[in-house]
$ cat final.cif   # mmCIF, C-alpha atoms
data_my_file
loop_
_atom_site.label_atom_id
_atom_site.label_comp_id
_atom_site.auth_asym_id
_atom_site.auth_seq_id
_atom_site.Cartn_x
_atom_site.Cartn_y
_atom_site.Cartn_z
CA MET A 1 -60.08 -8.07 42.76
CA ASN A 2 -61.56 -6.39 39.67
CA ALA A 3 -64.64 -4.16 39.79
CA LEU A 4 -66.98 -6.79 38.36
CA ALA A 5 -65.89 -9.46 40.86
CA GLU A 6 -66.30 -6.93 43.67
CA HIS A 7 -69.80 -6.09 42.35
CA ARG A 8 -70.68 -9.82 42.29
CA ARG A 9 -69.44 -10.25 45.88
CA TRP A 10 -71.39 -7.21 47.12
CA LEU A 11 -74.61 -8.21 45.30
CA THR A 12 -74.46 -11.85 46.47
CA ALA A 13 -73.75 -10.92 50.11
CA TRP A 14 -76.59 -8.37 50.05
CA ILE A 15 -79.09 -10.87 48.56
CA LEU A 16 -78.16 -13.59 51.08
CA ARG A 17 -78.40 -11.30 54.14
CA LEU A 18 -81.68 -9.71 53.09
CA SER A 19 -83.26 -13.07 52.18
CA ILE A 20 -82.32 -14.76 55.45
CA ALA A 21 -83.58 -11.74 57.44
CA LEU A 22 -86.91 -11.61 55.54
CA CYS A 23 -87.38 -15.38 55.78
CA LEU A 24 -86.68 -15.44 59.53
CA ILE A 25 -88.96 -12.45 60.25
CA SER A 26 -91.84 -14.06 58.31
CA ILE A 27 -91.43 -17.47 59.93
CA VAL A 28 -91.02 -16.15 63.48
CA ALA A 29 -94.12 -13.96 62.95
CA GLY A 30 -96.03 -17.00 61.63
CA LEU A 31 -95.01 -19.23 64.53
CA ALA A 32 -95.78 -16.42 67.03
CA LEU A 33 -99.28 -16.01 65.56
CA PHE A 34 -99.71 -19.78 65.72
CA LEU A 35 -98.95 -19.63 69.46
CA ILE A 36 -101.17 -16.55 70.01
CA HIS A 37 -104.08 -18.43 68.43
CA GLY A 38 -103.64 -21.16 71.05
CA GLY A 39 -101.35 -23.48 69.11
CA THR A 40 -104.22 -25.26 67.38
CA LEU A 41 -104.51 -23.49 63.99
CA GLN A 42 -103.23 -25.81 61.24
CA PRO A 43 -102.62 -23.79 58.06
CA ALA A 44 -103.53 -25.76 54.93
CA ASN A 45 -100.81 -26.95 52.55
CA PRO A 46 -100.43 -24.33 49.78
CA SER A 47 -100.53 -25.56 46.18
CA GLY A 48 -100.73 -24.35 42.58
CA SER A 49 -98.79 -21.52 40.94
CA LEU A 50 -96.82 -18.93 42.94
CA VAL A 51 -99.74 -16.52 42.39
CA ASP A 52 -102.22 -19.14 43.67
CA ILE A 53 -100.04 -19.80 46.72
CA LEU A 54 -99.80 -16.09 47.60
CA ASP A 55 -103.48 -15.54 46.87
CA GLY A 56 -104.45 -18.52 49.00
CA ALA A 57 -102.42 -17.29 51.94
CA LEU A 58 -103.78 -13.73 51.73
CA HIS A 59 -107.41 -14.13 50.70
CA ARG A 60 -108.77 -17.31 52.22
CA GLY A 61 -109.29 -16.03 55.75
CA GLU A 62 -105.65 -16.49 56.63
CA ALA A 63 -104.62 -12.84 56.25
CA LEU A 64 -102.64 -11.80 59.34
CA HIS A 65 -102.75 -15.45 60.44
CA ALA A 66 -99.91 -17.89 60.82
CA GLY A 67 -100.32 -19.44 57.36
CA ALA A 68 -99.79 -16.20 55.43
CA PHE A 69 -96.52 -15.39 57.18
CA LEU A 70 -95.22 -18.96 57.05
CA VAL A 71 -95.94 -19.28 53.33
CA ALA A 72 -94.26 -15.91 52.72
CA GLY A 73 -91.16 -17.18 54.56
CA LEU A 74 -91.13 -20.38 52.48
CA LEU A 75 -91.39 -18.41 49.22
CA VAL A 76 -88.58 -16.03 50.22
CA LEU A 77 -86.34 -19.00 51.03
CA LEU A 78 -87.26 -20.85 47.83
CA LEU A 79 -86.51 -17.81 45.70
CA THR A 80 -83.19 -16.99 47.40
CA PRO A 81 -81.00 -19.35 45.31
CA VAL A 82 -82.91 -18.24 42.19
CA THR A 83 -82.34 -14.55 42.98
CA ARG A 84 -78.66 -15.27 43.57
CA LEU A 85 -78.52 -17.03 40.21
CA LEU A 86 -80.29 -14.14 38.45
CA ALA A 87 -77.73 -11.76 39.95
CA GLY A 88 -74.97 -14.04 38.58
CA ILE A 89 -76.62 -13.98 35.13
CA TYR A 90 -76.75 -10.17 35.26
CA ILE A 91 -73.05 -9.97 36.15
CA SER A 92 -72.18 -12.49 33.39
CA ALA A 93 -74.19 -10.43 30.89
CA ARG A 94 -72.28 -7.30 31.90
CA ALA A 95 -69.03 -9.21 31.30
CA ARG A 96 -70.45 -10.39 27.91
CA ASP A 97 -69.94 -13.97 29.10
CA TRP A 98 -72.84 -15.29 26.99
CA VAL A 99 -72.11 -19.01 27.56
CA TYR A 100 -72.72 -18.58 31.29
CA VAL A 101 -75.73 -16.35 30.68
CA LEU A 102 -77.20 -19.25 28.69
CA ILE A 103 -76.22 -21.87 31.30
CA GLY A 104 -77.75 -19.72 34.06
CA LEU A 105 -80.98 -19.30 32.10
CA VAL A 106 -81.21 -23.09 31.57
CA VAL A 107 -80.92 -23.62 35.34
CA VAL A 108 -83.59 -20.94 36.04
CA GLY A 109 -85.75 -22.66 33.41
CA LEU A 110 -85.41 -25.99 35.27
CA VAL A 111 -86.58 -24.36 38.55
CA ILE A 112 -89.58 -22.83 36.76
CA ALA A 113 -90.28 -26.22 35.14
CA GLY A 114 -90.32 -27.77 38.64
CA LEU A 115 -92.93 -25.25 39.82
CA LEU A 116 -95.09 -25.74 36.70
CA LEU A 117 -94.89 -29.55 36.73
CA GLY A 118 -95.73 -29.68 40.45
CA GLN A 119 -98.68 -27.41 39.83
CA ALA A 120 -99.85 -29.62 36.95
CA GLY A 121 -99.67 -32.71 39.16
CA SER A 122 -101.44 -31.17 42.18
CA MET B 1 -99.71 -35.47 68.86
CA THR B 2 -101.09 -31.89 69.08
CA PRO B 3 -99.97 -29.30 66.50
CA LEU B 4 -98.13 -27.37 69.23
CA LEU B 5 -96.17 -30.42 70.38
CA THR B 6 -95.41 -31.32 66.75
CA VAL B 7 -94.00 -27.84 66.14
CA LEU B 8 -91.83 -28.04 69.26
CA VAL B 9 -90.47 -31.50 68.36
CA VAL B 10 -89.77 -30.43 64.75
CA LEU B 11 -88.14 -27.17 65.90
CA LEU B 12 -85.86 -29.12 68.22
CA GLY B 13 -85.08 -31.61 65.42
CA GLY B 14 -84.22 -28.69 63.13
CA VAL B 15 -81.86 -27.24 65.77
CA VAL B 16 -80.11 -30.63 66.11
CA ALA B 17 -79.87 -30.95 62.31
CA GLY B 18 -78.44 -27.42 62.03
CA ILE B 19 -75.84 -28.03 64.76
CA ILE B 20 -74.75 -31.38 63.29
CA GLY B 21 -74.68 -29.94 59.78
CA SER B 22 -72.47 -26.99 60.71
CA LEU B 23 -70.12 -29.06 62.92
CA THR B 24 -69.74 -32.19 60.81
CA GLY B 25 -70.63 -31.10 57.28
CA LEU B 26 -73.20 -33.88 57.06
CA GLY B 27 -76.54 -32.66 55.74
CA GLY B 28 -79.57 -31.88 57.88
CA GLY B 29 -81.81 -34.01 55.66
CA LEU B 30 -80.31 -37.12 57.22
CA VAL B 31 -81.85 -35.99 60.55
CA ILE B 32 -85.07 -34.35 59.37
CA VAL B 33 -86.46 -37.10 57.12
CA PRO B 34 -86.13 -39.94 59.71
CA LEU B 35 -87.58 -37.64 62.41
CA LEU B 36 -90.63 -36.79 60.29
CA THR B 37 -91.25 -40.26 58.85
CA LEU B 38 -90.20 -42.64 61.65
CA GLY B 39 -90.92 -40.27 64.57
CA LEU B 40 -93.97 -38.31 63.47
CA HIS B 41 -95.34 -40.74 60.82
CA MET B 42 -95.58 -38.01 58.20
CA PRO B 43 -96.17 -39.17 54.58
CA VAL B 44 -92.81 -39.56 52.79
CA PRO B 45 -93.42 -36.89 50.06
CA GLU B 46 -94.30 -34.30 52.74
CA ALA B 47 -91.26 -35.21 54.85
CA VAL B 48 -88.99 -35.03 51.79
CA GLY B 49 -90.46 -31.67 50.71
CA VAL B 50 -90.09 -30.16 54.20
CA SER B 51 -86.53 -31.47 54.45
CA LEU B 52 -85.63 -29.84 51.12
CA PHE B 53 -86.60 -26.46 52.59
CA GLY B 54 -84.26 -27.26 55.49
CA VAL B 55 -81.54 -28.02 52.93
CA ILE B 56 -82.05 -24.62 51.23
CA ALA B 57 -81.89 -22.94 54.67
CA THR B 58 -78.61 -24.75 55.49
CA SER B 59 -77.06 -23.82 52.14
CA THR B 60 -78.22 -20.17 52.30
CA GLY B 61 -77.07 -19.82 55.92
CA ALA B 62 -73.59 -21.16 55.14
CA ALA B 63 -73.15 -19.26 51.86
CA PRO B 64 -72.01 -15.83 53.21
CA ARG B 65 -68.82 -17.33 54.67
CA PHE B 66 -67.70 -18.37 51.15
CA VAL B 67 -68.57 -15.12 49.34
CA GLY B 68 -65.53 -13.19 48.13
CA THR B 69 -62.97 -15.89 49.03
CA GLY B 70 -62.90 -17.39 45.55
CA LEU B 71 -63.52 -20.80 47.15
CA SER B 72 -66.83 -21.29 45.40
CA ASN B 73 -66.12 -21.82 41.69
CA VAL B 74 -69.28 -20.30 40.20
CA ARG B 75 -68.48 -21.47 36.65
CA VAL B 76 -68.01 -25.09 37.74
CA GLY B 77 -71.08 -24.84 39.98
CA LEU B 78 -73.29 -23.39 37.25
CA PHE B 79 -72.19 -25.86 34.59
CA LEU B 80 -72.72 -28.89 36.87
CA GLN B 81 -75.97 -27.35 38.13
CA MET B 82 -77.59 -28.05 34.76
CA ALA B 83 -77.06 -31.75 35.48
CA ALA B 84 -78.01 -31.58 39.17
CA SER B 85 -81.21 -29.63 38.50
CA SER B 86 -82.18 -31.99 35.64
CA GLY B 87 -81.72 -34.95 37.99
CA ALA B 88 -83.67 -33.14 40.72
CA LEU B 89 -86.55 -32.48 38.36
CA LEU B 90 -86.59 -36.14 37.31
CA GLY B 91 -86.49 -37.28 40.96
CA ALA B 92 -89.35 -34.94 41.93
CA LEU B 93 -91.42 -36.10 38.95
CA ILE B 94 -91.27 -39.77 39.95
CA SER B 95 -91.32 -39.17 43.72
CA HIS B 96 -95.05 -39.81 44.08
CA ARG B 97 -94.86 -43.02 42.07
CA VAL B 98 -92.08 -44.69 44.06
CA PRO B 99 -93.40 -46.98 46.84
CA ALA B 100 -92.57 -45.71 50.36
CA HIS B 101 -90.77 -48.92 51.38
CA PHE B 102 -88.44 -48.57 48.37
CA LEU B 103 -87.64 -44.97 49.40
CA PHE B 104 -86.82 -46.18 52.92
CA LEU B 105 -84.38 -48.70 51.41
CA ILE B 106 -82.64 -46.09 49.23
CA PHE B 107 -82.55 -43.61 52.12
CA GLY B 108 -81.09 -46.22 54.48
CA ALA B 109 -78.40 -47.05 51.91
CA ALA B 110 -77.56 -43.34 51.38
CA MET B 111 -77.30 -42.86 55.17
CA LEU B 112 -75.02 -45.87 55.55
CA TYR B 113 -72.83 -44.56 52.72
CA SER B 114 -72.58 -41.13 54.41
CA ALA B 115 -71.75 -42.82 57.73
CA VAL B 116 -68.98 -44.92 56.17
CA MET B 117 -67.56 -41.87 54.36
CA SER B 118 -67.32 -40.10 57.76
CA PHE B 119 -64.66 -42.62 58.82
CA ILE B 120 -62.60 -42.22 55.65
CA PRO B 121 -60.03 -39.38 55.75
CA THR B 122 -60.96 -36.54 53.39
CA ALA B 123 -57.41 -35.73 52.35
CA SER B 124 -57.51 -34.45 48.81
CA ASP B 125 -55.23 -34.99 45.83
CA VAL B 126 -52.87 -32.15 46.74
CA ALA B 127 -51.23 -32.11 43.32
CA GLY B 128 -54.56 -31.47 41.58
CA ALA B 129 -55.11 -31.86 37.84
CA PRO B 130 -51.88 -31.34 35.84
CA VAL B 131 -53.71 -29.88 32.83
CA ASN B 132 -57.25 -28.76 32.02
CA SER B 133 -59.41 -31.24 30.14
CA PRO B 134 -60.42 -29.90 26.68
CA LEU B 135 -63.99 -29.16 27.83
CA ALA B 136 -62.76 -27.47 31.03
CA GLY B 137 -60.49 -25.34 28.85
CA ARG B 138 -63.32 -24.34 26.50
CA LEU B 139 -65.60 -23.48 29.45
CA ARG B 140 -62.76 -21.65 31.28
CA LEU B 141 -63.38 -23.63 34.49
CA ALA B 142 -59.86 -23.26 35.92
CA SER B 143 -59.70 -20.66 38.66
CA ARG B 144 -57.94 -19.67 41.89
CA TYR B 145 -58.77 -19.19 45.57
CA GLU B 146 -57.34 -17.25 48.48
CA GLN B 147 -55.38 -19.12 51.16
CA ASP B 148 -53.34 -17.45 53.90
CA GLY B 149 -53.28 -14.16 52.02
CA ARG B 150 -52.10 -15.57 48.67
CA TRP B 151 -53.95 -16.82 45.59
CA VAL B 152 -53.66 -20.53 44.72
CA GLU B 153 -54.36 -21.46 41.07
CA TYR B 154 -55.79 -24.83 40.03
CA ARG B 155 -56.83 -26.68 36.87
CA VAL B 156 -59.89 -28.84 36.19
CA ALA B 157 -60.24 -32.37 34.75
CA GLY B 158 -62.99 -35.00 34.39
CA VAL B 159 -65.86 -32.65 33.55
CA VAL B 160 -68.04 -35.19 31.69
CA PRO B 161 -67.96 -37.97 34.35
CA ALA B 162 -68.65 -35.40 37.10
CA PHE B 163 -71.57 -34.05 35.04
CA CYS B 164 -73.07 -37.57 34.93
CA ILE B 165 -72.59 -38.06 38.70
CA MET B 166 -74.41 -34.75 39.31
CA ILE B 167 -77.53 -36.05 37.54
CA GLY B 168 -77.60 -38.90 40.06
CA ALA B 169 -76.87 -36.56 42.99
CA GLY B 170 -79.75 -34.27 41.99
CA PHE B 171 -82.05 -37.26 41.51
CA LEU B 172 -81.29 -38.61 45.01
CA SER B 173 -81.63 -35.13 46.54
CA ALA B 174 -85.17 -34.72 45.17
CA LEU B 175 -86.24 -38.26 45.96
CA LEU B 176 -84.86 -38.40 49.51
CA GLY B 177 -84.91 -34.77 50.70
CA ILE B 178 -81.15 -34.59 51.21
CA GLY B 179 -78.50 -32.17 49.92
CA SER B 180 -76.42 -34.97 48.33
CA GLY B 181 -73.33 -32.92 49.23
CA VAL B 182 -71.31 -36.06 49.90
CA PHE B 183 -71.77 -37.21 46.29
CA LYS B 184 -71.17 -33.73 44.83
CA VAL B 185 -67.97 -33.21 46.80
CA LEU B 186 -66.77 -36.69 45.85
CA ALA B 187 -67.30 -36.01 42.12
CA MET B 188 -65.54 -32.62 42.21
CA ASP B 189 -62.70 -33.81 44.44
CA LYS B 190 -61.93 -37.19 42.90
CA LEU B 191 -63.05 -36.78 39.25
CA MET B 192 -62.50 -33.07 38.54
CA ARG B 193 -59.55 -32.98 40.98
CA LEU B 194 -60.56 -29.62 42.43
CA PRO B 195 -58.96 -28.58 45.74
CA PHE B 196 -61.08 -30.03 48.59
CA ARG B 197 -62.01 -26.61 50.00
CA VAL B 198 -63.17 -25.48 46.55
CA SER B 199 -65.21 -28.69 46.19
CA THR B 200 -67.04 -28.16 49.50
CA ALA B 201 -67.74 -24.46 48.86
CA THR B 202 -68.94 -25.11 45.29
CA SER B 203 -71.05 -28.02 46.55
CA ASN B 204 -72.71 -25.69 49.08
CA PHE B 205 -73.51 -23.24 46.25
CA MET B 206 -75.08 -26.08 44.25
CA ILE B 207 -76.99 -27.78 47.09
CA GLY B 208 -79.37 -24.82 47.58
CA MET B 209 -80.07 -24.51 43.86
CA THR B 210 -80.67 -28.27 43.47
CA ALA B 211 -83.01 -28.32 46.48
CA ALA B 212 -84.87 -25.25 45.15
CA THR B 213 -85.62 -27.08 41.87
CA SER B 214 -87.37 -29.98 43.60
CA ALA B 215 -88.73 -27.97 46.59
CA GLY B 216 -90.62 -25.82 44.07
CA TYR B 217 -92.19 -28.98 42.66
CA TYR B 218 -93.23 -30.24 46.11
CA LEU B 219 -94.58 -26.80 47.12
CA SER B 220 -96.76 -26.29 44.06
CA HIS B 221 -97.84 -29.94 44.26
CA GLY B 222 -99.31 -29.24 47.73
CA ASP B 223 -96.88 -31.37 49.75
CA ILE B 224 -95.51 -28.72 52.11
CA PRO B 225 -97.22 -28.21 55.51
CA PRO B 226 -96.24 -24.57 56.28
CA LEU B 227 -96.17 -25.04 60.06
CA THR B 228 -93.78 -28.00 59.98
CA ALA B 229 -91.61 -26.46 57.27
CA GLY B 230 -91.43 -23.14 59.15
CA ALA B 231 -90.34 -24.91 62.35
CA VAL B 232 -87.67 -26.89 60.47
CA ILE B 233 -86.27 -23.77 58.75
CA LEU B 234 -86.13 -21.77 61.99
CA GLY B 235 -84.56 -24.70 63.85
CA VAL B 236 -81.94 -25.35 61.17
CA ILE B 237 -80.86 -21.69 61.01
CA LEU B 238 -80.67 -21.41 64.83
CA GLY B 239 -78.77 -24.72 65.03
CA ALA B 240 -76.30 -23.71 62.32
CA TYR B 241 -75.67 -20.42 64.14
CA ALA B 242 -75.04 -22.21 67.46
CA GLY B 243 -72.89 -24.85 65.75
CA GLY B 244 -70.76 -22.15 64.14
CA HIS B 245 -69.99 -20.74 67.61
CA TRP B 246 -69.16 -24.15 69.09
CA MET B 247 -67.00 -25.19 66.16
CA LYS B 248 -63.76 -23.89 67.70
CA ARG B 249 -64.38 -25.52 71.10
CA LEU B 250 -65.42 -29.04 70.05
CA SER B 251 -63.52 -31.84 68.35
CA THR B 252 -65.49 -31.97 65.10
CA ARG B 253 -63.63 -35.13 63.99
CA MET B 254 -64.81 -37.01 67.08
CA LEU B 255 -68.29 -35.53 66.76
CA ARG B 256 -68.45 -36.59 63.11
CA ARG B 257 -67.63 -40.16 64.10
CA VAL B 258 -70.17 -40.24 66.94
CA PHE B 259 -72.80 -38.88 64.57
CA ALA B 260 -71.80 -41.50 61.99
CA VAL B 261 -72.55 -44.27 64.52
CA VAL B 262 -75.97 -42.72 65.28
CA LEU B 263 -76.53 -42.36 61.54
CA SER B 264 -75.78 -46.05 61.03
CA LEU B 265 -78.33 -47.06 63.66
CA VAL B 266 -81.04 -44.86 62.11
CA ALA B 267 -80.06 -46.22 58.67
CA LEU B 268 -80.66 -49.76 59.95
CA GLU B 269 -84.08 -48.67 61.26
CA MET B 270 -84.87 -47.21 57.80
CA LEU B 271 -83.69 -50.38 56.04
CA LEU B 272 -85.77 -52.57 58.37
CA LYS B 273 -88.81 -50.40 57.62
CA GLY B 274 -88.00 -50.70 53.92
CA PHE B 275 -87.89 -54.50 54.19
CA GLY B 276 -91.23 -54.38 56.00
CA ALA B 277 -89.88 -55.64 59.33
#

$ encode --input "final.cif" --output "structure tokens"
Amino acid sequence: MNALAEHRRWLTAWILRLSIALCLISIVAGLALFLIHGGTLQPANPSGSLVDILDGALHRGEALHAGAFLVAGLLVLLLTPVTRLLAGIYISARARDWVYVLIGLVVVGLVIAGLLLGQAGS
Amino acid sequence: MTPLLTVLVVLLGGVVAGIIGSLTGLGGGLVIVPLLTLGLHMPVPEAVGVSLFGVIATSTGAAPRFVGTGLSNVRVGLFLQMAASSGALLGALISHRVPAHFLFLIFGAAMLYSAVMSFIPTASDVAGAPVNSPLAGRLRLASRYEQDGRWVEYRVAGVVPAFCIMIGAGFLSALLGIGSGVFKVLAMDKLMRLPFRVSTATSNFMIGMTAATSAGYYLSHGDIPPLTAGAVILGVILGAYAGGHWMKRLSTRMLRRVFAVVLSLVALEMLLKGFGA
């Protein structure tokens, strides 16, 4: 296995492990807080841009409550495939594989378009 | 139903989906969406959005076992992903305009198709593609994977038809909250003539990315209840972990067939709901 392929393997494995761990910690913390608060708190559905979603979870009385942790877990999970893709684009750029850099950027663009179009329709 | 009971039911449903997904290869969305819509009467867009987060969790949880084996063909996955993500975006865009009964009909049909496919042997075209198609050659899609300590090389055909199928797979994934793995594997195995193990690993790589495209839409649109989604994600990851441990002890072929029968019954329920019965 060449050095670049080994770098790709290491980076991908590291991203996947870290993301799953962060996502699980956030969600378990959110569900635990939900139980501590008596199992009645219903966090509101987040909406808008990523900044709005984070801001809503942190600054609308939900700080340290279930909603903030649950939304953080959702965002980590949502961004995991994107982060993996960005790592792939970085490796392709290092290999001067510009066709796949372009293809990767188109796919990232489609994910961003999904977020923007959902926000526009909310 | 109280929020606490809802969380417990959804968590349990997620565990079941994770176990079935890891043992049979059939996606968790086929369990989650009927549970949330038929069982908990959740609006279809919310159920679909939540299920897509379960799909990302399944894909991310399974991904480490493919890393470094060469089984996942990243070039094929990335190229086809442009089609799958475009289809997913289109599906998400029209999701709120499609009547619920019509979605139940499509979902029931997709479930029945998955159930039928469970009874058909998945033996692949062992010979593979004899030569690369011109486009596969230009994109350098041919690759190799490790099997029993040696590297097996393969060539790639049928890129354009597979690309078209991926648009449909992405569309269905976004509209129904499923991974559409069965359609992706079929296109790569039968049209591109990739080795079956490469098709399944590459499909897993693509499923998470496709689901992320439409899940982002549903999240920013305000369709994701964090409590339900959190319970599904936790359940799916726990279930997949348990399923991975049981895999060696259980007959997955038999389990796949039993699940296919259950799937058929739920599919009929979905179709009846779609027809307004």

$ interface_residues --input "final.cif" --of "chain B" --to "chain A" --cutoff "7 Å" --atoms "all atoms listed in the file" --output "PyMOL selection string"
chain B and resi 3-4+57+60+64+67-68+78-79+81-82+85-86+89+208-209+212-214+216-227+230+234

$ write_last_selection --input "final.cif" --atoms "C-alpha atoms" --output "PDB file, in the coordinates of the input"
ATOM      1  CA  PRO B   3     -99.970 -29.300  66.500  1.00  0.00           C
ATOM      2  CA  LEU B   4     -98.130 -27.370  69.230  1.00  0.00           C
ATOM      3  CA  ALA B  57     -81.890 -22.940  54.670  1.00  0.00           C
ATOM      4  CA  THR B  60     -78.220 -20.170  52.300  1.00  0.00           C
ATOM      5  CA  PRO B  64     -72.010 -15.830  53.210  1.00  0.00           C
ATOM      6  CA  VAL B  67     -68.570 -15.120  49.340  1.00  0.00           C
ATOM      7  CA  GLY B  68     -65.530 -13.190  48.130  1.00  0.00           C
ATOM      8  CA  LEU B  78     -73.290 -23.390  37.250  1.00  0.00           C
ATOM      9  CA  PHE B  79     -72.190 -25.860  34.590  1.00  0.00           C
ATOM     10  CA  GLN B  81     -75.970 -27.350  38.130  1.00  0.00           C
ATOM     11  CA  MET B  82     -77.590 -28.050  34.760  1.00  0.00           C
ATOM     12  CA  SER B  85     -81.210 -29.630  38.500  1.00  0.00           C
ATOM     13  CA  SER B  86     -82.180 -31.990  35.640  1.00  0.00           C
ATOM     14  CA  LEU B  89     -86.550 -32.480  38.360  1.00  0.00           C
ATOM     15  CA  GLY B 208     -79.370 -24.820  47.580  1.00  0.00           C
ATOM     16  CA  MET B 209     -80.070 -24.510  43.860  1.00  0.00           C
ATOM     17  CA  ALA B 212     -84.870 -25.250  45.150  1.00  0.00           C
ATOM     18  CA  THR B 213     -85.620 -27.080  41.870  1.00  0.00           C
ATOM     19  CA  SER B 214     -87.370 -29.980  43.600  1.00  0.00           C
ATOM     20  CA  GLY B 216     -90.620 -25.820  44.070  1.00  0.00           C
ATOM     21  CA  TYR B 217     -92.190 -28.980  42.660  1.00  0.00           C
ATOM     22  CA  TYR B 218     -93.230 -30.240  46.110  1.00  0.00           C
ATOM     23  CA  LEU B 219     -94.580 -26.800  47.120  1.00  0.00           C
ATOM     24  CA  SER B 220     -96.760 -26.290  44.060  1.00  0.00           C
ATOM     25  CA  HIS B 221     -97.840 -29.940  44.260  1.00  0.00           C
ATOM     26  CA  GLY B 222     -99.310 -29.240  47.730  1.00  0.00           C
ATOM     27  CA  ASP B 223     -96.880 -31.370  49.750  1.00  0.00           C
ATOM     28  CA  ILE B 224     -95.510 -28.720  52.110  1.00  0.00           C
ATOM     29  CA  PRO B 225     -97.220 -28.210  55.510  1.00  0.00           C
ATOM     30  CA  PRO B 226     -96.240 -24.570  56.280  1.00  0.00           C
ATOM     31  CA  LEU B 227     -96.170 -25.040  60.060  1.00  0.00           C
ATOM     32  CA  GLY B 230     -91.430 -23.140  59.150  1.00  0.00           C
ATOM     33  CA  LEU B 234     -86.130 -21.770  61.990  1.00  0.00           C
TER      34      LEU B 234
END

$ residues_around --input "final.cif" --residues "Arg197 in chain B" --least-positions-apart "2" --cutoff "12 Å" --atoms "all atoms listed in the file" --output "VMD selection string"
chain B and resid 66 69 to 73 122 to 126 144 to 147 152 154 185 to 186 188 to 189 193 to 195 199 to 204

$ resolve_selection --input "final.cif" --expression "the PyMOL selection byres ((chain B and resi 19-34) around 6)" --output "PyMOL selection string"
chain B and resi 16-18+35-38+47+51+177-178+239-240+243+247+252+256

$ atom_distance --input "final.cif" --atom1 "CA of Leu18 in chain A" --atom2 "CA of Asp97 in chain A"
27.0 Å

$ resolve_selection --input "final.cif" --expression "the PyMOL selection byres ((chain B and resi 80) around 9)" --output "list of chain:residue names"
B:Arg75, B:Val76, B:Gly77, B:Leu78, B:Phe79, B:Gln81, B:Met82, B:Ala83, B:Ala84, B:Ser85, B:Val159, B:Ala162, B:Phe163, B:Cys164, B:Met166, B:Ile167, B:Met206

$ atom_distance --input "final.cif" --atom1 "CA of Gly137 in chain B" --atom2 "CA of Asn2 in chain A"
21.8 Å

$ closest_residue --input "final.cif" --among "B:Ala110, B:Leu5, B:Val48, B:Leu238" --to "Leu176 in chain B" --atoms "only C-alpha atoms"
B:Val48

$ atom_distance --input "final.cif" --atom1 "CA of Thr6 in chain B" --atom2 "CA of Pro43 in chain B"
14.5 Å

$ resolve_selection --input "final.cif" --expression "the PyMOL selection byres ((chain B and resi 179) around 6)" --output "JSON, numbers by chain"
{"B": [55, 173, 178, 180, 181, 207]}

$ axis_aligned_box --input "final.cif" --around "range 184-200 of chain B" --padding-each-side "3 Å" --output "JSON"
{"center_x": -65.1, "center_y": -31.3, "center_z": 44.3, "size_x": 18.2, "size_y": 17.7, "size_z": 17.5}

$ closest_residue --input "final.cif" --among "A:Leu4, A:Leu58, A:Ala21, A:Leu11" --to "Val76 in chain A" --atoms "only C-alpha atoms"
A:Ala21

$ residues_around --input "final.cif" --residues "Lys273 in chain B" --least-positions-apart "5" --cutoff "12 Å" --atoms "all atoms listed in the file" --output "MDAnalysis selection string"
chainID B and resid 34 37:38 100:108 266:268

$ residues_around --input "final.cif" --residues "Val131 in chain B" --least-positions-apart "2" --cutoff "9 Å" --atoms "only C-alpha atoms" --output "list in words"
Gly128, Ala129, Ser133, Arg155, Val156 and Ala157 of chain B

$ decode --input "final.cif" --residues "range 69-77 of chain A" --atoms "N, CA and C atoms" --output "compact mmCIF listing (two decimals), in the first residue's frame"
# COMPACT_ATOMS: atom_id res chain seq x y z
N PHE A 69 -27.97 19.06 23.33
CA PHE A 69 -27.10 17.90 23.12
C PHE A 69 -27.60 17.03 21.95
N LEU A 70 -28.92 16.87 21.87
CA LEU A 70 -29.47 16.04 20.80
C LEU A 70 -29.19 16.66 19.43
N VAL A 71 -29.39 17.98 19.34
CA VAL A 71 -29.14 18.66 18.06
C VAL A 71 -27.65 18.59 17.71
N ALA A 72 -26.79 18.72 18.72
CA ALA A 72 -25.34 18.60 18.46
C ALA A 72 -25.02 17.21 17.90
N GLY A 73 -25.63 16.18 18.48
CA GLY A 73 -25.41 14.81 17.99
C GLY A 73 -25.87 14.64 16.55
N LEU A 74 -27.04 15.23 16.23
CA LEU A 74 -27.57 15.15 14.86
C LEU A 74 -26.62 15.83 13.87
N LEU A 75 -26.10 17.01 14.27
CA LEU A 75 -25.21 17.76 13.37
C LEU A 75 -23.90 17.00 13.14
N VAL A 76 -23.37 16.40 14.22
CA VAL A 76 -22.12 15.63 14.07
C VAL A 76 -22.34 14.49 13.08
N LEU A 77 -23.48 13.79 13.25
CA LEU A 77 -23.76 12.65 12.36
C LEU A 77 -23.96 13.11 10.92
